[in-house]
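Shown next: run-v1.txt, containing compact mmCIF, C-alpha atoms.
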# COMPACT_ATOMS: atom_id res chain seq x y z
CA MET A 164 84.34 -89.22 -37.66
CA ILE A 165 85.36 -89.24 -41.35
CA ASP A 166 82.67 -90.93 -43.39
CA LEU A 167 84.26 -92.43 -46.51
CA ALA A 168 80.91 -93.05 -48.14
CA SER A 169 79.70 -89.46 -48.25
CA PRO A 170 80.52 -87.22 -51.23
CA TYR A 171 81.09 -84.40 -48.74
CA THR A 172 84.30 -86.11 -47.56
CA TYR A 173 85.69 -86.24 -51.08
CA ALA A 174 84.79 -82.60 -51.67
CA THR A 175 86.68 -81.71 -48.48
CA ILE A 176 89.72 -83.76 -49.55
CA THR A 177 89.73 -81.91 -52.90
CA LEU A 178 89.53 -78.61 -51.04
CA VAL A 179 92.53 -79.57 -48.88
CA VAL A 180 94.60 -80.65 -51.89
CA LEU A 181 93.72 -77.43 -53.70
CA SER A 182 94.35 -75.21 -50.65
CA PRO A 183 97.69 -73.86 -52.00
CA VAL A 184 95.90 -72.98 -55.27
CA ILE A 185 93.19 -71.06 -53.40
CA GLY A 186 95.91 -69.20 -51.52
CA GLY A 187 97.75 -68.52 -54.80
CA ILE A 188 94.67 -66.95 -56.38
CA LEU A 189 94.27 -64.83 -53.22
CA MET A 190 97.88 -63.67 -53.57
CA GLY A 191 97.19 -62.77 -57.22
CA ILE A 192 94.17 -60.72 -56.12
CA ASP A 193 96.37 -59.18 -53.42
CA ARG A 194 99.02 -58.04 -55.93
CA ARG A 195 96.41 -56.68 -58.29
CA LEU A 196 94.48 -54.81 -55.58
CA THR A 197 97.73 -53.43 -54.14
CA ALA A 198 98.71 -52.16 -57.59
CA ARG A 199 95.32 -50.51 -58.01
CA MET A 200 95.66 -48.82 -54.62
CA GLN A 201 98.99 -47.39 -55.85
CA SER A 202 97.31 -46.37 -59.16
CA ARG A 203 99.23 -48.95 -61.19
CA MET A 204 97.92 -51.65 -63.52
CA GLY A 205 99.31 -54.60 -61.61
CA PRO A 206 100.37 -58.06 -62.77
CA PRO A 207 97.95 -60.68 -64.17
CA LEU A 208 95.93 -62.72 -61.68
CA MET A 209 98.01 -65.83 -62.39
CA GLN A 210 101.30 -64.03 -61.61
CA PRO A 211 102.04 -65.97 -58.37
CA PHE A 212 101.72 -69.25 -60.29
CA TYR A 213 104.13 -68.06 -62.99
CA ASP A 214 106.57 -67.13 -60.22
CA VAL A 215 106.37 -70.52 -58.56
CA ILE A 216 106.65 -72.49 -61.84
CA LYS A 217 109.68 -70.38 -62.80
CA LEU A 218 111.30 -70.92 -59.40
CA TRP A 219 110.76 -74.66 -59.79
CA GLY A 220 112.81 -74.62 -63.00
CA LYS A 221 115.78 -72.71 -61.61
CA GLU A 222 119.11 -74.31 -60.91
CA PRO A 223 119.01 -75.65 -57.32
CA PHE A 224 121.25 -73.70 -54.91
CA ILE A 225 120.91 -75.27 -51.50
CA ALA A 226 122.42 -73.59 -48.44
CA SER A 227 122.22 -76.70 -46.23
CA SER A 228 121.06 -80.26 -46.78
CA LEU A 229 118.31 -79.87 -44.17
CA GLN A 230 116.72 -76.95 -46.00
CA PRO A 231 114.66 -78.84 -48.64
CA VAL A 232 113.28 -81.20 -45.96
CA LEU A 233 112.21 -78.26 -43.82
CA ALA A 234 110.72 -76.45 -46.84
CA PHE A 235 108.64 -79.56 -47.55
CA GLY A 236 107.75 -79.63 -43.84
CA TYR A 237 106.53 -76.04 -43.97
CA LEU A 238 104.20 -76.85 -46.88
CA GLY A 239 103.17 -80.22 -45.40
CA PHE A 240 102.27 -78.91 -41.96
CA SER A 241 100.44 -75.92 -43.45
CA VAL A 242 98.31 -78.27 -45.55
CA ALA A 243 97.80 -80.51 -42.49
CA ALA A 244 96.55 -77.50 -40.48
CA PHE A 245 94.20 -76.64 -43.36
CA ALA A 246 92.96 -80.25 -43.36
CA LEU A 247 92.18 -80.02 -39.62
CA LEU A 248 90.10 -76.90 -40.31
CA ALA A 249 88.34 -78.35 -43.38
CA PHE A 250 87.44 -81.59 -41.58
CA GLY A 251 86.06 -79.68 -38.59
CA GLN A 252 88.65 -80.92 -36.09
CA ASP A 253 90.14 -79.35 -32.97
CA MET A 254 91.00 -75.64 -33.26
CA LEU A 255 93.85 -75.88 -30.74
CA LEU A 256 95.46 -78.69 -32.71
CA MET A 257 95.10 -76.56 -35.85
CA ILE A 258 96.87 -73.63 -34.19
CA PHE A 259 99.71 -75.85 -32.95
CA THR A 260 100.13 -77.52 -36.35
CA MET A 261 100.40 -74.05 -37.86
CA ALA A 262 103.06 -73.21 -35.27
CA ILE A 263 105.05 -76.34 -36.25
CA ALA A 264 104.85 -75.28 -39.91
CA ASP A 265 106.24 -71.87 -38.98
CA LEU A 266 108.93 -73.51 -36.87
CA CYS A 267 110.09 -75.52 -39.92
CA LEU A 268 110.60 -72.26 -41.79
CA ILE A 269 112.44 -70.68 -38.85
CA VAL A 270 114.79 -73.66 -38.37
CA ALA A 271 115.48 -73.68 -42.12
CA ALA A 272 116.39 -69.99 -41.96
CA PHE A 273 118.62 -70.52 -38.91
CA ASN A 274 120.33 -73.36 -40.79
CA SER A 275 122.74 -71.06 -42.62
CA LYS A 276 125.41 -68.60 -41.67
CA SER A 277 123.76 -65.67 -43.45
CA PRO A 278 123.14 -62.88 -40.92
CA PHE A 279 120.12 -61.63 -42.92
CA SER A 280 118.47 -65.00 -42.74
CA ASN A 281 119.31 -65.35 -39.03
CA ILE A 282 117.89 -61.97 -38.05
CA GLY A 283 114.85 -62.67 -40.22
CA ALA A 284 114.29 -65.96 -38.38
CA ARG A 285 114.62 -64.23 -35.01
CA ARG A 286 112.06 -61.64 -36.04
CA GLU A 287 109.74 -64.37 -37.30
CA LEU A 288 109.98 -65.99 -33.84
CA ILE A 289 108.98 -62.64 -32.31
CA GLY A 290 106.12 -62.47 -34.81
CA MET A 291 104.94 -65.91 -33.70
CA MET A 292 105.23 -64.80 -30.08
CA SER A 293 102.99 -61.82 -30.90
CA TYR A 294 100.13 -63.55 -32.67
CA GLU A 295 100.00 -67.08 -31.17
CA PRO A 296 98.59 -66.02 -27.73
CA VAL A 297 95.98 -63.82 -29.43
CA MET A 298 95.03 -66.70 -31.74
CA LEU A 299 94.74 -69.07 -28.74
CA LEU A 300 92.62 -66.54 -26.90
CA ALA A 301 90.39 -66.24 -29.98
CA ALA A 302 89.88 -70.02 -29.86
CA ILE A 303 89.06 -69.76 -26.14
CA SER A 304 86.49 -67.04 -26.82
CA ILE A 305 84.87 -69.36 -29.40
CA PHE A 306 84.84 -72.02 -26.67
CA PHE A 307 82.78 -69.63 -24.51
CA VAL A 308 80.08 -69.57 -27.22
CA THR A 309 80.02 -73.16 -28.44
CA GLY A 310 81.31 -75.03 -25.37
CA SER A 311 83.79 -76.97 -27.46
CA PHE A 312 87.11 -76.49 -29.25
CA MET A 313 85.91 -78.50 -32.26
CA VAL A 314 85.39 -76.53 -35.47
CA ASP A 315 82.33 -78.73 -36.14
CA SER A 316 80.57 -77.32 -33.08
CA ILE A 317 80.52 -73.85 -34.71
CA TYR A 318 78.21 -75.20 -37.43
CA GLU A 319 75.78 -76.45 -34.76
CA ILE A 320 74.91 -73.11 -33.12
CA ASN A 321 71.88 -71.31 -34.55
CA GLN A 322 73.26 -67.80 -34.92
CA PRO A 323 76.49 -66.82 -36.71
CA LEU A 324 79.55 -66.56 -34.49
CA LEU A 325 80.00 -62.90 -35.49
CA MET A 326 76.87 -61.97 -33.51
CA PHE A 327 78.57 -63.20 -30.33
CA LEU A 328 82.18 -62.34 -31.09
CA PRO A 329 82.46 -59.13 -33.15
CA LEU A 330 85.53 -57.93 -31.21
CA THR A 331 87.34 -61.27 -31.57
CA PHE A 332 86.84 -60.97 -35.32
CA LEU A 333 88.54 -57.57 -35.25
CA ALA A 334 91.43 -59.08 -33.29
CA LEU A 335 92.12 -61.30 -36.32
CA ILE A 336 93.35 -58.24 -38.26
CA PRO A 337 96.80 -57.97 -36.58
CA ILE A 338 97.17 -61.78 -36.74
CA LEU A 339 96.53 -61.73 -40.47
CA ILE A 340 98.91 -58.79 -41.00
CA ILE A 341 101.77 -60.60 -39.27
CA ASP A 342 101.08 -63.90 -40.99
CA MET A 343 100.68 -62.42 -44.47
CA LYS A 344 103.93 -60.45 -43.92
CA LYS A 345 102.26 -57.13 -44.62
CA SER A 346 103.15 -53.62 -43.46
CA PRO A 347 103.29 -52.41 -40.70
CA PHE A 348 104.35 -55.79 -39.24
CA ASP A 349 106.46 -57.27 -42.05
CA VAL A 350 109.70 -57.11 -40.04
CA SER A 351 110.78 -60.72 -40.71
CA GLY A 352 110.80 -60.50 -44.48
CA SER A 353 108.54 -59.04 -47.11
CA GLY A 354 108.08 -59.27 -50.84
CA HIS A 355 108.76 -55.61 -51.38
CA ALA A 356 112.00 -54.40 -52.87
CA HIS A 357 114.97 -53.18 -50.83
CA GLN A 358 114.11 -54.20 -47.35
CA GLU A 359 116.77 -53.59 -44.71
CA LEU A 360 117.29 -57.37 -44.44
CA VAL A 361 117.42 -58.14 -48.20
CA ARG A 362 114.65 -60.74 -48.04
CA GLY A 363 114.79 -61.49 -44.30
CA ILE A 364 113.79 -65.04 -43.47
CA TYR A 365 113.58 -65.97 -47.18
CA THR A 366 117.13 -64.81 -48.03
CA GLU A 367 118.71 -68.28 -48.15
CA PHE A 368 115.90 -69.92 -50.11
CA SER A 369 116.16 -70.11 -53.88
CA GLY A 370 114.82 -72.21 -56.72
CA TYR A 371 112.47 -75.01 -55.73
CA THR A 372 112.89 -74.54 -51.96
CA LEU A 373 111.59 -70.97 -52.34
CA ALA A 374 108.73 -72.32 -54.48
CA LEU A 375 107.80 -74.72 -51.64
CA VAL A 376 107.98 -71.93 -49.07
CA GLU A 377 105.73 -69.75 -51.27
CA LEU A 378 103.19 -72.58 -51.57
CA GLY A 379 103.27 -73.06 -47.80
CA HIS A 380 102.74 -69.33 -47.27
CA TRP A 381 99.71 -69.32 -49.60
CA THR A 382 98.23 -72.27 -47.75
CA LYS A 383 98.63 -70.45 -44.45
CA VAL A 384 96.86 -67.37 -45.82
CA ALA A 385 94.04 -69.60 -47.10
CA LEU A 386 93.90 -71.28 -43.69
CA LEU A 387 93.63 -68.03 -41.74
CA LEU A 388 90.96 -66.65 -44.08
CA GLY A 389 89.13 -69.98 -43.77
CA PHE A 390 89.27 -69.54 -40.00
CA ALA A 391 87.84 -66.02 -40.42
CA SER A 392 84.99 -67.37 -42.57
CA LEU A 393 83.93 -69.57 -39.60
CA PHE A 394 82.51 -66.39 -38.05
CA TRP A 395 79.56 -66.79 -40.43
CA ALA A 396 79.62 -70.56 -40.80
CA GLN A 397 75.85 -70.85 -41.34
CA ASN A 398 76.08 -69.45 -44.86
CA ILE A 399 79.25 -70.20 -46.81
CA VAL A 400 78.81 -67.25 -49.19
CA VAL A 401 78.46 -64.71 -46.39
CA GLY A 402 81.38 -66.40 -44.61
CA ALA A 403 83.60 -66.07 -47.69
CA ALA A 404 82.53 -62.43 -48.12
CA LEU A 405 83.40 -61.77 -44.47
CA ALA A 406 86.85 -63.33 -44.91
CA PHE A 407 87.41 -61.31 -48.08
CA ALA A 408 86.41 -58.11 -46.27
CA LEU A 409 89.07 -58.88 -43.64
CA PHE A 410 91.60 -59.52 -46.42
CA PHE A 411 90.72 -56.17 -48.01
CA VAL A 412 91.13 -54.32 -44.71
CA VAL A 413 94.60 -55.88 -44.32
CA LEU A 414 95.55 -54.68 -47.82
CA VAL A 415 94.33 -51.15 -47.07
CA ILE A 416 96.40 -51.12 -43.87
CA ASP A 417 99.41 -52.52 -45.78
CA ASN A 418 99.23 -49.69 -48.29
CA SER A 419 98.75 -46.92 -45.75
CA TYR A 420 101.38 -47.66 -43.08
CA PRO A 421 105.17 -47.91 -43.15
CA ARG A 422 107.04 -50.78 -41.54
CA LEU A 423 107.22 -50.53 -37.73
CA ASP A 424 109.76 -52.15 -35.43
CA TRP A 425 109.26 -55.44 -33.58
CA LYS A 426 108.59 -53.80 -30.19
CA THR A 427 105.64 -51.91 -31.63
CA MET A 428 104.50 -55.15 -33.26
CA ILE A 429 104.37 -57.05 -29.94
CA LYS A 430 102.84 -54.13 -28.04
CA THR A 431 100.13 -53.43 -30.62
CA THR A 432 99.21 -57.05 -31.21
CA TRP A 433 99.09 -57.96 -27.53
CA ILE A 434 97.34 -54.83 -26.28
CA VAL A 435 94.80 -54.59 -29.11
CA GLY A 436 94.28 -58.35 -29.39
CA PHE A 437 94.01 -59.09 -25.67
CA LEU A 438 91.82 -56.07 -24.89
CA LEU A 439 89.39 -56.81 -27.73
CA ILE A 440 89.02 -60.50 -26.94
CA ILE A 441 88.86 -60.09 -23.14
CA ALA A 442 86.24 -57.34 -23.55
CA ASN A 443 84.30 -59.70 -25.79
CA ILE A 444 84.46 -62.59 -23.28
CA ALA A 445 83.46 -60.23 -20.44
CA GLY A 446 80.49 -59.11 -22.54
CA LEU A 447 79.45 -62.70 -23.13
CA ILE A 448 79.63 -63.48 -19.39
CA ALA A 449 77.66 -60.32 -18.53
CA ARG A 450 75.00 -61.29 -21.07
CA MET A 451 74.73 -64.76 -19.53
CA VAL A 452 74.35 -63.28 -16.03
CA ILE A 453 71.63 -60.85 -17.19
CA LEU A 454 69.71 -63.53 -19.10
CA SER A 455 69.77 -66.06 -16.22
CA MET B 390 108.92 -77.29 -71.15
CA LYS B 391 106.52 -74.88 -72.85
CA TRP B 392 104.97 -74.05 -69.47
CA MET B 393 108.38 -73.43 -67.98
CA THR B 394 109.40 -71.10 -70.81
CA LYS B 395 106.16 -69.16 -70.48
CA ALA B 396 106.57 -68.85 -66.71
CA ARG B 397 110.19 -67.71 -67.13
CA LEU B 398 109.16 -65.01 -69.57
CA LYS B 399 106.29 -63.92 -67.35
CA SER B 400 108.26 -63.49 -64.13
CA PRO B 401 111.75 -62.03 -64.50
CA TRP B 402 112.96 -60.94 -61.06
CA VAL B 403 115.55 -58.22 -61.30
CA ILE B 404 118.50 -57.53 -59.05
CA HIS B 405 120.06 -54.15 -59.46
CA PHE B 406 123.73 -53.48 -58.71
CA ASP B 407 125.40 -50.09 -58.78
CA CYS B 408 129.10 -50.37 -59.73
CA GLY B 409 129.84 -46.75 -58.97
CA SER B 410 127.38 -45.04 -61.27
CA CYS B 411 126.39 -41.41 -60.79
CA ASN B 412 122.87 -42.57 -59.72
CA GLY B 413 121.32 -41.21 -62.92
CA CYS B 414 120.66 -44.66 -64.35
CA ASP B 415 119.67 -46.04 -60.93
CA ILE B 416 116.95 -43.47 -60.60
CA GLU B 417 115.72 -44.32 -64.10
CA ILE B 418 115.62 -48.05 -63.21
CA LEU B 419 113.54 -47.29 -60.14
CA ALA B 420 111.38 -44.93 -62.21
CA ALA B 421 110.36 -47.95 -64.27
CA LEU B 422 108.70 -49.38 -61.13
CA THR B 423 106.56 -46.28 -60.57
CA PRO B 424 102.90 -46.02 -61.71
CA LYS B 425 103.77 -44.37 -65.03
CA PHE B 426 105.77 -47.30 -66.40
CA ASP B 427 104.68 -50.02 -63.90
CA VAL B 428 106.88 -52.92 -64.98
CA GLU B 429 105.14 -55.15 -62.43
CA ARG B 430 102.37 -55.67 -64.98
CA PHE B 431 104.90 -57.84 -66.86
CA GLY B 432 105.78 -59.64 -63.64
CA ILE B 433 109.08 -57.77 -63.29
CA VAL B 434 109.92 -57.35 -59.62
CA ASN B 435 112.95 -55.61 -58.15
CA ILE B 436 114.34 -58.11 -55.65
CA GLY B 437 117.32 -57.63 -53.36
CA ASP B 438 118.50 -61.23 -53.26
CA PRO B 439 120.84 -62.56 -56.00
CA LYS B 440 119.85 -66.14 -55.18
CA GLN B 441 116.28 -65.44 -56.24
CA ALA B 442 116.95 -63.15 -59.21
CA ASP B 443 116.86 -63.94 -62.94
CA VAL B 444 118.12 -60.67 -64.39
CA LEU B 445 121.17 -58.74 -63.19
CA MET B 446 121.05 -55.04 -64.02
CA VAL B 447 124.39 -53.28 -63.66
CA THR B 448 124.94 -49.53 -63.80
CA GLY B 449 128.23 -47.68 -63.76
CA PRO B 450 131.74 -48.66 -64.88
CA ALA B 451 133.39 -51.72 -63.36
CA ASN B 452 136.33 -50.70 -61.20
CA LYS B 453 139.09 -52.38 -59.27
CA ARG B 454 137.37 -52.00 -55.92
CA ASN B 455 134.06 -53.64 -56.70
CA GLN B 456 134.78 -56.10 -59.50
CA HIS B 457 134.92 -58.92 -56.93
CA VAL B 458 131.51 -57.95 -55.55
CA LEU B 459 130.08 -57.92 -59.08
CA LYS B 460 131.62 -61.32 -59.88
CA ASN B 461 130.34 -62.71 -56.60
CA LEU B 462 126.79 -61.47 -57.24
CA TYR B 463 126.87 -62.98 -60.72
CA ASP B 464 128.08 -66.32 -59.39
CA GLN B 465 125.37 -66.40 -56.71
CA MET B 466 122.59 -66.20 -59.29
CA PRO B 467 121.22 -69.61 -60.32
CA GLN B 468 120.85 -70.51 -64.02
CA PRO B 469 119.11 -69.46 -66.28
CA LYS B 470 120.20 -65.84 -65.89
CA VAL B 471 120.83 -62.80 -68.06
CA VAL B 472 122.88 -59.66 -67.48
CA ILE B 473 121.88 -56.18 -68.66
CA ALA B 474 124.38 -53.33 -68.68
CA VAL B 475 122.38 -50.12 -68.21
CA GLY B 476 123.86 -46.81 -69.31
CA GLU B 477 126.95 -45.73 -71.22
CA CYS B 478 129.33 -46.33 -68.30
CA ALA B 479 128.25 -49.94 -67.85
CA CYS B 480 128.44 -50.54 -71.62
CA SER B 481 131.91 -49.16 -72.32
CA GLY B 482 133.18 -47.06 -69.46
CA ALA B 483 132.13 -43.88 -71.31
CA ILE B 484 133.78 -40.80 -69.82
CA PHE B 485 135.72 -43.01 -67.40
CA HIS B 486 137.32 -44.86 -70.31
CA ASN B 487 141.05 -45.41 -69.69
CA CYS B 488 140.88 -43.95 -66.20
CA PRO B 489 143.47 -45.73 -64.02
CA ASN B 490 140.98 -46.86 -61.37
CA THR B 491 138.28 -48.24 -63.69
CA LEU B 492 138.34 -51.31 -65.90
CA GLY B 493 135.93 -50.00 -68.51
CA GLY B 494 132.65 -51.74 -69.34
CA VAL B 495 131.01 -54.32 -67.11
CA ASP B 496 131.78 -56.96 -69.76
CA LYS B 497 135.41 -56.91 -68.63
CA VAL B 498 134.26 -58.74 -65.47
CA ILE B 499 131.13 -60.74 -66.32
CA PRO B 500 129.47 -61.79 -69.60
CA VAL B 501 126.85 -59.21 -70.61
CA ASP B 502 123.81 -60.17 -72.70
CA VAL B 503 122.13 -56.85 -73.40
CA TYR B 504 123.60 -53.35 -73.61
CA VAL B 505 121.26 -50.42 -72.93
CA PRO B 506 122.89 -47.17 -74.05
CA GLY B 507 122.03 -43.68 -72.85
CA CYS B 508 123.31 -41.16 -70.33
CA ALA B 509 121.18 -41.62 -68.39
CA ALA B 510 119.33 -44.54 -70.00
CA ARG B 511 115.64 -43.70 -70.30
CA PRO B 512 113.07 -45.91 -68.55
CA GLU B 513 111.57 -46.82 -71.95
CA SER B 514 114.92 -48.10 -73.21
CA ILE B 515 115.50 -49.98 -69.93
CA VAL B 516 112.14 -51.76 -70.33
CA ASP B 517 113.12 -52.45 -73.96
CA GLY B 518 116.41 -53.90 -72.71
CA VAL B 519 114.55 -56.26 -70.39
CA VAL B 520 112.36 -57.38 -73.32
CA LEU B 521 115.51 -58.14 -75.37
CA ALA B 522 116.96 -60.03 -72.40
CA LEU B 523 113.75 -62.07 -72.20
CA GLN B 524 114.07 -63.02 -75.89
CA LYS B 525 117.51 -64.37 -75.07
CA LEU B 526 116.12 -66.17 -72.01
CA GLN B 527 113.47 -67.76 -74.21
CA LYS B 528 116.13 -69.11 -76.57
CA VAL B 529 118.11 -70.50 -73.63
CA SER B 530 114.96 -72.03 -72.15
CA GLU B 531 114.05 -73.70 -75.43
CA GLY B 532 117.49 -75.28 -75.52
CA GLU B 533 118.94 -73.21 -78.35
CA LYS B 534 122.65 -72.44 -78.32
CA VAL B 535 123.44 -68.74 -77.89
CA GLU B 536 126.88 -67.26 -78.04
Conversion result in structure tokens:
Amino acid sequence: MIDLASPYTYATITLVVLSPVIGGILMGIDRRLTARMQSRMGPPLMQPFYDVIKLWGKEPFIASSLQPVLAFGYLGFSVAAFALLAFGQDMLLMIFTMAIADLCLIVAAFNSKSPFSNIGARRELIGMMSYEPVMLLAAISIFFVTGSFMVDSIYEINQPLLMFLPLTFLALIPILIIDMKKSPFDVSGSGHAHQELVRGIYTEFSGYTLALVELGHWTKVALLLGFASLFWAQNIVVGAALAFALFFVVLVIDNSYPRLDWKTMIKTTWIVGFLLIIANIAGLIARMVILS
Amino acid sequence: MKWMTKARLKSPWVIHFDCGSCNGCDIEILAALTPKFDVERFGIVNIGDPKQADVLMVTGPANKRNQHVLKNLYDQMPQPKVVIAVGECACSGAIFHNCPNTLGGVDKVIPVDVYVPGCAARPESIVDGVVLALQKLQKVSEGEKVE
């Protein structure tokens, strides 16, 4: 499956190792674009890297001895999920590895007595509950096109996936909003100042554990945008442009909506996500029936 | 270490604590985040969590009710950290000087690095105060001894 002789394998390994860096640059673009949308100058592109390097040099304050292990787990499992995507492995396995990464973060947040951190962790669990079924259903709708859950099989079809699954692509928007912790679904903890939960799920992290969590978060953003780029897998440039367009839409939504409560988050994600993807699958089946 | 110093200077995260100020200085601090002054271009972010902050900005005179909260916040911040007293009240107590319920300046409770005068302190002078605080942070980061 993995051919050690081909240069392609080494390029993929480099991509996986650099996945947090890709995510970091995306976060820099995010902060700059957000600032421009609010008619500000915005920080330099490398700002997220300065933040993480600074956090690494802070005095370690550790809330519980399990926390650093789980912070490493969050980063490790995020990178593992990215590796599964980059090497063209099973999509379901990728989604579950991502869930384990998130679980590491949630357990780390539950591992302290701080009520802010606890409520943040609970809300993160609700966030997972909102987007995981939609993500799984998106994988199932890809299965209807390619006949396989392997990412590799997407490269083998002749037409881009977007031609078959335009509505599934739209259903990725709420998933990305929840996972990037953007308004209106940033209930579990956001980067913006003066949230009602201080920093929500991130409250108890500081110093290098927070740096690890940030790196893990960037990797997850890179992973989800990589998944979005699969919708035009035939041409990598168009695929990247497609993923960036999705990213831009998420930023526009972030800057135009206030934070909503968790009930609205579940309702919106489930209703919009399920309806879009089921309509798409029904369309595919109808097309098959007409063509046969 | 050069990298670390540069990163520290490029990303000071600020926590803002109001020790009973009249809100004049608080509004000016928040004004510095708005498009006109936009301190985020220097990487300055207003963050609510003392465990993740580098700079503590205090407004208002320290008093007997909240000195423990102030001390606690200061203790929760990991090193290296700097404290900025914003406004006359935080610097010396100003018009509340010698009042029975106040202690005077914030420096009666925690060590203060930079004093920003003004009633209310202007956003320009607050940004200037942060720059002064960063110079101190640079000295600390490079291992120099500061009083």
message: Contacts from chain A to chain B, 7 Å maximum, only C-alpha atoms: show me the residue list as a ChimeraX atom specification.
response: /A:202-207,210,213-214,216-217,220-222,224,356-357,361-362,366,369-370
Residues at most 9 Å from region 415-418 of chain A, counting all atoms listed in the file, excluding those fewer than 5 positions away in the same chain, as a compact mmCIF listing (two decimals) with C-alpha atoms, in the frame of the given file?
# COMPACT_ATOMS: atom_id res chain seq x y z
CA THR A 197 97.73 -53.43 -54.14
CA MET A 200 95.66 -48.82 -54.62
CA GLN A 201 98.99 -47.39 -55.85
CA ILE A 340 98.91 -58.79 -41.00
CA LYS A 345 102.26 -57.13 -44.62
CA SER A 346 103.15 -53.62 -43.46
CA PRO A 347 103.29 -52.41 -40.70
CA PHE A 348 104.35 -55.79 -39.24
CA PHE A 410 91.60 -59.52 -46.42
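Between CA of Phe240 (chain A) and CA of Met261 (chain A) the separation is 6.6 Å.
Atom pair CA of Asn398 (chain A) / CA of Ile317 (chain A) has a distance of 11.9 Å (rounded to one decimal).
Counting only C-alpha atoms and comparing A:Leu233, A:Leu360, A:Ala244, A:Met291, the residue that lies closest to Asn274 (chain A) is A:Leu233.
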task: Would you kindly return, as a ChimeraX atom specification, each protein, DNA or RNA residue with an atom no farther than 6 Å from any atom of region 184-188 of chain A, considering only C-alpha atoms and excluding same-chain residues fewer than 6 positions away?
output: /A:381-382,385
